[in-house]
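Written below as structure tokens is the structure these notes are about.
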Amino acid sequence: MSIETTRGCRGCGAGSLIRVLDLGKMPAADHFPKLDEVGGEAEATHPLAMDLCPACGLAQLAEDDTVTAEPRGVEPRALRDQAADALTRVEAAGWLRGGTAREFGSPHGGSWLPLLAERGRTETETRDYTETETRDCTETEATADVVIDCFGIMHEPDQRAAFARRAAATAPSGVLLLQFHSLHAIVTQGQWNALRHGHFAYYTLAVVQRLLADAGMTVATAWEFDLYGGTVLVAAVHTPTETDSSPIEPDAAVAAILAAESEMTDPEVVRGLQRAADRQARALRSWLESETHSARRVYAYGAASRTVALLYLAGVHRGLLTAVADASPAKQGRRMPGTNIPIIAPAELIAALPDRVFLTLPDLLSEVRSLWPELDGRWVVDIPEPP
């Protein structure tokens, strides 16, 4: 069905959007209440749905009335390793230009600037604008030869303005390196709980091309990574003017990704996320009930934002899942939003010697297995489908 909205598409401004995923009301994924905190914001729920723009193809958060701030998590080793791998590939391909760098950060933590410093790039000084300041994206922006955005731009409600600002920050002969979680991976792998409050956009490469083109930039090449099931890093440069004699042609890597994701413009294909949500919630609930019936104690690891929606949709409580361990001190001693399940430190998880540990973020498997060999044989990544 089409949803008429006064807001319009966050990317192109079109007013008619198509609802492809509706999770109803969910607790805010960035507000982890204290264990003894009840009522008010601690128990509040908020609409959580994804719309698809038929005009430009941008999948986007339908609305967001949450106001809480996300506790900063601990950057996992998988993310650090991927950043190092990415810059190695970018440098080998000749895309690390000039001598200055700038980064648009992400609330998920981590930074590529130290890696760029090792490669001789100096950070460009920038001004931070307050939420109450009005900023015109055509205003003079401090530029850098290499501009980085790793999973940051999706947190911007106004996508057109966000892309314009990153283009303005890129020096005339510089390069913008922008990494995003691929909508193709999200849909084909049923990663419906990638949808969360505060994440305003979900991209295909085709959509990123359009948004960058509107900002006067062209995608020259792209790299794919297995992180989060599938992420894409693009290298974009300013589009040559009419007086330039050498237009930029996207390479074969770009063409291959565009071909693979071509079905992502079909609302019925993207609606597969709704079916995945219902199926995974049923499977988790059924598995936890079976484990509890067999007197096996189940814990989880990873109080990530995407875990919030899964536990809430499945109706999980402390009687089924004893606790969720997480490495972030900011989350320890609190509870999972919308549940009575406590968040504990990894040391408490080890001491408990659980029968099963449900790993909510599969990318962490190698890291947690090396950190805590005491839990070998207890990790569960794939929840079995109910009979």
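By convention here, the chains of the structure tokens are called A, B, ... in the order presented, each chain's residues are numbered starting at 1, and ligands are numbered starting at 1 in the order presented.
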Just the residues within 9 Å of Val20 in chain A, please, counting only C-alpha atoms, with nothing from its chain fewer than 4 positions along; format it as JSON, numbers by chain. {"A": [1, 49, 50, 51, 52, 59, 267, 268, 269, 270, 271, 272, 273, 274]}
Test item: residues at most 6 Å from range 316-318 of chain A, only C-alpha atoms, excluding those fewer than 6 positions along its chain, as a PyMOL selection string: chain A and resi 339-341
List as a ChimeraX atom specification the protein and nucleic acid residues near Leu178 in chain A, meaning an atom at most 12 Å away when only C-alpha atoms are counted, but skip any in the same chain fewer than 5 places from it. /A:83,86-87,90,102-106,112,146-154,162-163,166-167,170,203,205,208-209,212,219-224,231-237
Can you pull out the residues contacting range 155-160 of chain A? Cut-off 6 Å, using only C-alpha atoms, and skip same-chain residues under 4 positions away; I want them as a ChimeraX atom specification. /A:10-11,198-200
Would you mind exporting the chosen residues as a PDB file, in the first residue's frame, restricted to C-alpha atoms?
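As written to disk, result.pdb reads:
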ATOM      1  CA  ARG A  10      14.316  11.502   2.801  1.00  0.00           C
ATOM      2  CA  GLY A  11      16.369  11.340  -0.373  1.00  0.00           C
ATOM      3  CA  GLY A 198      17.873   6.441  14.551  1.00  0.00           C
ATOM      4  CA  HIS A 199      18.806   4.564  11.346  1.00  0.00           C
ATOM      5  CA  PHE A 200      17.055   6.656   8.727  1.00  0.00           C
TER       6      PHE A 200
END
Write out as a ChimeraX atom specification all residues of range 98-318 of chain A that backbone DSSP assigns to alpha helix (DSSP H). /A:113-118,159-169,183-188,205-214,252-260,267-270,272-293,305-313
Near-Leu349 in chain A list (7 Å; only C-alpha atoms; drop same-chain fewer than 4 positions) as a list in words: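 Answer for this query is Ala325, Ala345 and Leu353 of chain A.
Counting only C-alpha atoms and comparing A:Asp355, A:Ala215, A:Ile383, A:Leu17, the residue that lies closest to Leu284 in chain A is A:Ile383.
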